[in-house]
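So the structure is just underneath, and the comments pick up after that.
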Amino acid sequence: MLQRVAAIAVPGVSAFELGLVCEVFGIDRADTGGPTFDFTLCTPEPGLVPMEPALAVDVPAGLEAAAGADLVVVLPYKAPYGLPDAAREAIRAAHDRGAWVMSICSGTFALGEAGLLDGRRCTTHWMYADDLQRRYPTADVDPAVLYVEDRGVISSAGTAAGIDACLHLIRRELGAQQAAMVARRMVVPPHRDGGQAQYVDTPLPCDADTLAPLLAWMTEHLDAELSVPELAARALMSERTFARRFRAETGTTPAAWVTRQRLVRAQEMLERTSAGVDEVARASGFGSAAILRHHFARVLGTNPQAYRRQFACTDEAEAAADRMSVA
């Protein structure tokens, strides 16, 4: 049973993520039927711990508080601070004795330093996913999800995804009703659809060397066929030469590049216009709403309706999202 929770704060700890964990596990919600945890914030050297940005928190408890915890939470920390040896040992010891270990955002790097990512699926904020994979090549880093649970270790993506991970663990240990109660008090959804791929800013290369004019033309004609034979002819190359040149200059295939560009166009239309899903599918080159939904699910881990509800940034688009919700 999840009861005792210890969160480790080291110098440079991120203020928001620290507050997030305190909010989830440090508040007595018994008055509304929610769970109450024995929560302790601890640190290798008790006293004032500097935070980012430009704050400090008084942490009176040492790492002995983590020794008997059912869950040890690893908070992110910023350079130039590193992970103290004592914190690394406490994280490893918690895992070895069978406690849950959970990282928030870039706290996943501390799991790597503690040796907990070898052969384990994990995630972190999408901006740091490539660096995490380089540092810990035996880890299976998934940059597209909000959180991952793998053999007693939970890692989460950026910032708010830490809430998702915390609610997941409460749901797993205490049941859906208790997780919903915590979510209701925090005014957040008990479970979010999709993954962090829908939040990733992925600029597409249009500054290729010899193919730059063609790429610009393609982005203006996404609703056209854009087959390799047609594109190769427009580039005055053989199909084989064109395919090889395209990969060399863009890092991907023509089909994958076009699909990603079409997704970006569809995302923009869902965010900024009130166009229906069928119209968005036609204008972005997918042809049908079914094909658009397929690519949204495969690449972004969500659907067009949910995406519009999340990211609509005009009154028109928000009204369209409301209509789709009612429908």
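Quick note on naming: the chains in the structure tokens go A, B, ... in the order shown, residues restart at 1 in each chain, and ligands are numbered from 1 in order of appearance.
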Can you tell me, as a PyMOL selection string, what residues are no more than 10 Å from Tyr147 (chain A) when counting only C-alpha atoms, ignoring any on the same chain fewer than 6 positions away? chain A and resi 102-105+122-125+154-158+161-166+168+195-196
In region 82-231 of chain A, what's helix (DSSP H, G or I) per DSSP? Answer as a ChimeraX atom specification? /A:85-96,105-113,126-135,161-174,176-186,196-199,212-220,228-231
8 Å contact set for region 30-35 of chain A, only C-alpha atoms, chain neighbours under 4 positions out, as a ChimeraX atom specification: /A:178,181-182
With only C-alpha atoms as the atoms that count, which of A:Ala248, A:Val148, A:Leu270, A:Leu116 lies nearest to Asp209 (chain A)?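 When distances to Asp209 (chain A) are compared using only C-alpha atoms, the smallest one comes from A:Ala248.
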Could you go through region 63-247 of chain A and tell me which residues DSSP, when run on the backbone, assigns to strand (DSSP E or B), listing them as a compact mmCIF listing (two decimals) with all heavy atoms, in the first residue's frame?
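Result went into part.txt, see below:
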# COMPACT_ATOMS: atom_id res chain seq x y z
N LEU A 71 7.54 5.07 -1.67
CA LEU A 71 7.82 5.74 -2.93
C LEU A 71 8.90 6.79 -2.69
O LEU A 71 8.81 7.59 -1.76
CB LEU A 71 6.56 6.44 -3.47
CG LEU A 71 6.76 7.49 -4.58
CD1 LEU A 71 7.27 6.82 -5.86
CD2 LEU A 71 5.46 8.25 -4.85
N VAL A 72 9.92 6.78 -3.53
CA VAL A 72 10.95 7.81 -3.52
C VAL A 72 10.85 8.57 -4.84
O VAL A 72 10.96 7.98 -5.92
CB VAL A 72 12.36 7.22 -3.34
CG1 VAL A 72 13.43 8.30 -3.53
CG2 VAL A 72 12.49 6.58 -1.96
N VAL A 73 10.61 9.88 -4.75
CA VAL A 73 10.46 10.72 -5.93
C VAL A 73 11.76 11.48 -6.17
O VAL A 73 12.30 12.11 -5.25
CB VAL A 73 9.30 11.73 -5.76
CG1 VAL A 73 9.12 12.55 -7.04
CG2 VAL A 73 8.01 11.00 -5.41
N VAL A 74 12.24 11.43 -7.41
CA VAL A 74 13.48 12.10 -7.79
C VAL A 74 13.11 13.35 -8.57
O VAL A 74 12.54 13.27 -9.66
CB VAL A 74 14.37 11.18 -8.64
CG1 VAL A 74 15.69 11.87 -8.96
CG2 VAL A 74 14.60 9.85 -7.93
N TYR A 77 16.93 18.78 -11.33
CA TYR A 77 17.83 19.79 -10.80
C TYR A 77 18.60 20.37 -11.98
O TYR A 77 18.75 19.74 -13.04
CB TYR A 77 18.79 19.19 -9.77
CG TYR A 77 19.50 17.96 -10.25
CD1 TYR A 77 20.74 18.04 -10.87
CD2 TYR A 77 18.91 16.69 -10.11
CE1 TYR A 77 21.39 16.90 -11.32
CE2 TYR A 77 19.54 15.55 -10.57
CZ TYR A 77 20.78 15.66 -11.18
OH TYR A 77 21.41 14.54 -11.65
N TRP A 100 8.84 1.87 -4.80
CA TRP A 100 8.64 2.58 -6.06
C TRP A 100 9.66 3.71 -6.14
O TRP A 100 9.97 4.37 -5.15
CB TRP A 100 7.25 3.20 -6.12
CG TRP A 100 6.13 2.24 -6.38
CD1 TRP A 100 5.27 1.72 -5.47
CD2 TRP A 100 5.74 1.70 -7.65
NE1 TRP A 100 4.36 0.88 -6.08
CE2 TRP A 100 4.63 0.85 -7.43
CE3 TRP A 100 6.21 1.86 -8.95
CZ2 TRP A 100 3.99 0.17 -8.45
CZ3 TRP A 100 5.57 1.17 -9.98
CH2 TRP A 100 4.48 0.33 -9.73
N VAL A 101 10.18 3.94 -7.35
CA VAL A 101 11.04 5.09 -7.61
C VAL A 101 10.44 5.83 -8.81
O VAL A 101 10.15 5.21 -9.84
CB VAL A 101 12.49 4.67 -7.91
CG1 VAL A 101 13.34 5.89 -8.26
CG2 VAL A 101 13.10 3.92 -6.73
N MET A 102 10.25 7.14 -8.66
CA MET A 102 9.64 7.92 -9.73
C MET A 102 10.43 9.19 -9.97
O MET A 102 10.81 9.89 -9.03
CB MET A 102 8.19 8.28 -9.39
CG MET A 102 7.52 9.15 -10.45
SD MET A 102 5.72 9.21 -10.27
CE MET A 102 5.56 9.91 -8.64
N SER A 103 10.70 9.49 -11.23
CA SER A 103 11.36 10.74 -11.60
C SER A 103 10.37 11.68 -12.26
O SER A 103 9.44 11.24 -12.94
CB SER A 103 12.54 10.48 -12.54
OG SER A 103 12.07 9.99 -13.80
N ARG A 121 12.74 0.73 -20.10
CA ARG A 121 12.03 1.74 -20.88
C ARG A 121 11.80 2.95 -19.98
O ARG A 121 11.45 2.82 -18.81
CB ARG A 121 10.71 1.18 -21.39
CG ARG A 121 9.95 2.09 -22.33
CD ARG A 121 8.84 1.32 -23.04
NE ARG A 121 7.95 2.22 -23.74
CZ ARG A 121 6.74 2.57 -23.33
NH1 ARG A 121 6.26 2.04 -22.20
NH2 ARG A 121 6.00 3.41 -24.01
N CYS A 122 11.97 4.16 -20.54
CA CYS A 122 11.84 5.37 -19.75
C CYS A 122 11.51 6.54 -20.66
O CYS A 122 11.49 6.42 -21.89
CB CYS A 122 13.14 5.66 -18.99
SG CYS A 122 14.57 5.92 -20.08
N ASP A 140 15.98 2.39 -22.95
CA ASP A 140 15.02 2.45 -24.06
C ASP A 140 14.19 3.72 -23.87
O ASP A 140 13.16 3.70 -23.21
CB ASP A 140 14.14 1.20 -24.05
CG ASP A 140 13.11 1.20 -25.17
OD1 ASP A 140 13.19 2.08 -26.05
OD2 ASP A 140 12.23 0.32 -25.17
N VAL A 141 14.68 4.83 -24.41
CA VAL A 141 14.05 6.13 -24.20
C VAL A 141 12.90 6.32 -25.19
O VAL A 141 13.10 6.25 -26.40
CB VAL A 141 15.07 7.27 -24.36
CG1 VAL A 141 14.40 8.63 -24.13
CG2 VAL A 141 16.24 7.08 -23.40
N TYR A 147 4.38 9.39 -19.57
CA TYR A 147 5.09 8.70 -18.48
C TYR A 147 5.25 7.24 -18.84
O TYR A 147 4.55 6.72 -19.73
CB TYR A 147 4.35 8.84 -17.14
CG TYR A 147 2.93 8.31 -17.15
CD1 TYR A 147 2.66 6.97 -16.92
CD2 TYR A 147 1.86 9.17 -17.38
CE1 TYR A 147 1.36 6.48 -16.94
CE2 TYR A 147 0.57 8.70 -17.40
CZ TYR A 147 0.33 7.36 -17.18
OH TYR A 147 -0.96 6.87 -17.21
N VAL A 148 6.16 6.57 -18.15
CA VAL A 148 6.44 5.15 -18.38
C VAL A 148 6.60 4.47 -17.03
O VAL A 148 7.27 5.00 -16.14
CB VAL A 148 7.73 4.95 -19.20
CG1 VAL A 148 8.09 3.46 -19.29
CG2 VAL A 148 7.61 5.52 -20.60
N GLU A 149 5.99 3.31 -16.90
CA GLU A 149 6.25 2.45 -15.74
C GLU A 149 6.95 1.19 -16.23
O GLU A 149 6.47 0.53 -17.14
CB GLU A 149 4.95 2.07 -15.04
CG GLU A 149 5.17 1.10 -13.88
CD GLU A 149 3.90 0.42 -13.40
OE1 GLU A 149 2.83 1.05 -13.48
OE2 GLU A 149 3.99 -0.75 -12.96
N ASP A 150 8.09 0.89 -15.64
CA ASP A 150 8.82 -0.31 -16.03
C ASP A 150 9.49 -0.91 -14.80
O ASP A 150 10.46 -0.35 -14.27
CB ASP A 150 9.87 0.02 -17.10
CG ASP A 150 10.54 -1.22 -17.68
OD1 ASP A 150 10.45 -2.31 -17.06
OD2 ASP A 150 11.17 -1.13 -18.74
N VAL A 153 9.90 1.30 -11.62
CA VAL A 153 10.46 2.63 -11.87
C VAL A 153 9.53 3.38 -12.82
O VAL A 153 9.18 2.88 -13.89
CB VAL A 153 11.87 2.54 -12.48
CG1 VAL A 153 12.39 3.93 -12.84
CG2 VAL A 153 12.82 1.86 -11.50
N ILE A 154 9.12 4.58 -12.41
CA ILE A 154 8.25 5.42 -13.23
C ILE A 154 9.01 6.68 -13.60
O ILE A 154 9.57 7.35 -12.74
CB ILE A 154 6.96 5.80 -12.48
CG1 ILE A 154 6.17 4.54 -12.11
CG2 ILE A 154 6.09 6.74 -13.31
CD1 ILE A 154 4.94 4.81 -11.24
N SER A 155 9.04 6.99 -14.87
CA SER A 155 9.65 8.24 -15.35
C SER A 155 8.59 9.03 -16.09
O SER A 155 7.70 8.46 -16.71
CB SER A 155 10.86 7.96 -16.25
OG SER A 155 10.51 7.06 -17.29
N SER A 156 8.71 10.35 -16.02
CA SER A 156 7.69 11.20 -16.63
C SER A 156 8.33 12.26 -17.50
O SER A 156 9.50 12.59 -17.35
CB SER A 156 6.82 11.86 -15.56
OG SER A 156 7.59 12.72 -14.75
Please identify all polymer residues within 10 Å of Leu41 (chain A), counting only C-alpha atoms, omitting same-chain residues fewer than 2 positions from it, and present them as a ChimeraX atom specification. /A:5-9,18,21-22,26,39,43,58-63,65-66,72-73
Quick one: residues within 9 Å of Tyr307 (chain A), only C-alpha atoms counted, chain neighbours fewer than 2 positions away excluded, as a ChimeraX atom specification? /A:198,267,270-271,296,302-305,309-312,321
Restricting the output to N, CA, C and O atoms, write the selected residues as an mmCIF file, in the first residue's frame.
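File produced: result_1.cif:
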data_model
loop_
_atom_site.group_PDB
_atom_site.id
_atom_site.type_symbol
_atom_site.label_atom_id
_atom_site.label_comp_id
_atom_site.auth_asym_id
_atom_site.auth_seq_id
_atom_site.Cartn_x
_atom_site.Cartn_y
_atom_site.Cartn_z
ATOM 1 N N GLN A 198 2.485 15.388 -29.235
ATOM 2 C CA GLN A 198 1.623 16.482 -29.696
ATOM 3 C C GLN A 198 2.110 17.839 -29.209
ATOM 4 O O GLN A 198 1.668 18.877 -29.708
ATOM 5 N N GLN A 267 -2.397 20.375 -38.185
ATOM 6 C CA GLN A 267 -2.333 20.940 -36.836
ATOM 7 C C GLN A 267 -2.625 22.442 -36.858
ATOM 8 O O GLN A 267 -3.367 22.963 -36.032
ATOM 9 N N LEU A 270 -6.330 23.054 -37.432
ATOM 10 C CA LEU A 270 -7.127 22.728 -36.246
ATOM 11 C C LEU A 270 -6.960 23.791 -35.163
ATOM 12 O O LEU A 270 -7.893 24.082 -34.422
ATOM 13 N N GLU A 271 -5.763 24.355 -35.074
ATOM 14 C CA GLU A 271 -5.495 25.380 -34.062
ATOM 15 C C GLU A 271 -6.126 26.721 -34.416
ATOM 16 O O GLU A 271 -6.605 27.446 -33.536
ATOM 17 N N PHE A 296 -2.713 10.989 -37.114
ATOM 18 C CA PHE A 296 -2.687 11.673 -35.815
ATOM 19 C C PHE A 296 -2.421 10.666 -34.699
ATOM 20 O O PHE A 296 -1.612 10.904 -33.799
ATOM 21 N N THR A 302 -2.866 11.045 -30.482
ATOM 22 C CA THR A 302 -4.150 11.644 -30.152
ATOM 23 C C THR A 302 -5.007 11.657 -31.404
ATOM 24 O O THR A 302 -4.650 11.059 -32.417
ATOM 25 N N ASN A 303 -6.151 12.339 -31.367
ATOM 26 C CA ASN A 303 -7.010 12.446 -32.546
ATOM 27 C C ASN A 303 -7.271 13.924 -32.838
ATOM 28 O O ASN A 303 -7.038 14.789 -31.987
ATOM 29 N N PRO A 304 -7.739 14.248 -34.053
ATOM 30 C CA PRO A 304 -7.925 15.662 -34.400
ATOM 31 C C PRO A 304 -8.852 16.417 -33.458
ATOM 32 O O PRO A 304 -8.592 17.578 -33.120
ATOM 33 N N GLN A 305 -9.927 15.778 -33.014
ATOM 34 C CA GLN A 305 -10.868 16.455 -32.117
ATOM 35 C C GLN A 305 -10.198 16.813 -30.793
ATOM 36 O O GLN A 305 -10.322 17.938 -30.297
ATOM 37 N N ARG A 309 -9.327 20.581 -29.210
ATOM 38 C CA ARG A 309 -9.761 21.005 -27.879
ATOM 39 C C ARG A 309 -8.584 21.485 -27.044
ATOM 40 O O ARG A 309 -8.705 22.409 -26.240
ATOM 41 N N GLN A 310 -7.425 20.849 -27.237
ATOM 42 C CA GLN A 310 -6.251 21.182 -26.434
ATOM 43 C C GLN A 310 -5.564 22.459 -26.913
ATOM 44 O O GLN A 310 -5.084 23.256 -26.102
ATOM 45 N N PHE A 311 -5.521 22.678 -28.237
ATOM 46 C CA PHE A 311 -4.650 23.724 -28.766
ATOM 47 C C PHE A 311 -5.362 24.823 -29.545
ATOM 48 O O PHE A 311 -4.696 25.707 -30.082
ATOM 49 N N ALA A 312 -6.678 24.797 -29.638
ATOM 50 C CA ALA A 312 -7.388 25.853 -30.360
ATOM 51 C C ALA A 312 -6.995 27.214 -29.810
ATOM 52 O O ALA A 312 -7.058 27.445 -28.604
ATOM 53 N N ALA A 321 -14.191 23.338 -31.771
ATOM 54 C CA ALA A 321 -13.872 22.278 -30.808
ATOM 55 C C ALA A 321 -15.080 21.975 -29.936
ATOM 56 O O ALA A 321 -15.383 20.822 -29.637
#
Quick one: residues within 12 Å of Arg135 (chain A), only C-alpha atoms, excluding same-chain residues fewer than 2 positions away - as a PyMOL selection string? chain A and resi 108-113+115+117-118+128-133+137-141
Set the distance at 9 Å and use only C-alpha atoms: which residues neighbour Leu20 (chain A) once local chain neighbours fewer than 3 positions away are removed? I'd like the list as a PyMOL selection string. chain A and resi 15-17+23-25+159-160+162-163
In terms of the shortest atom-to-atom distance over only C-alpha atoms, which of A:Met269, A:Leu222, A:Leu211, A:Ala290 is closest to Ala235 (chain A)? A:Leu211
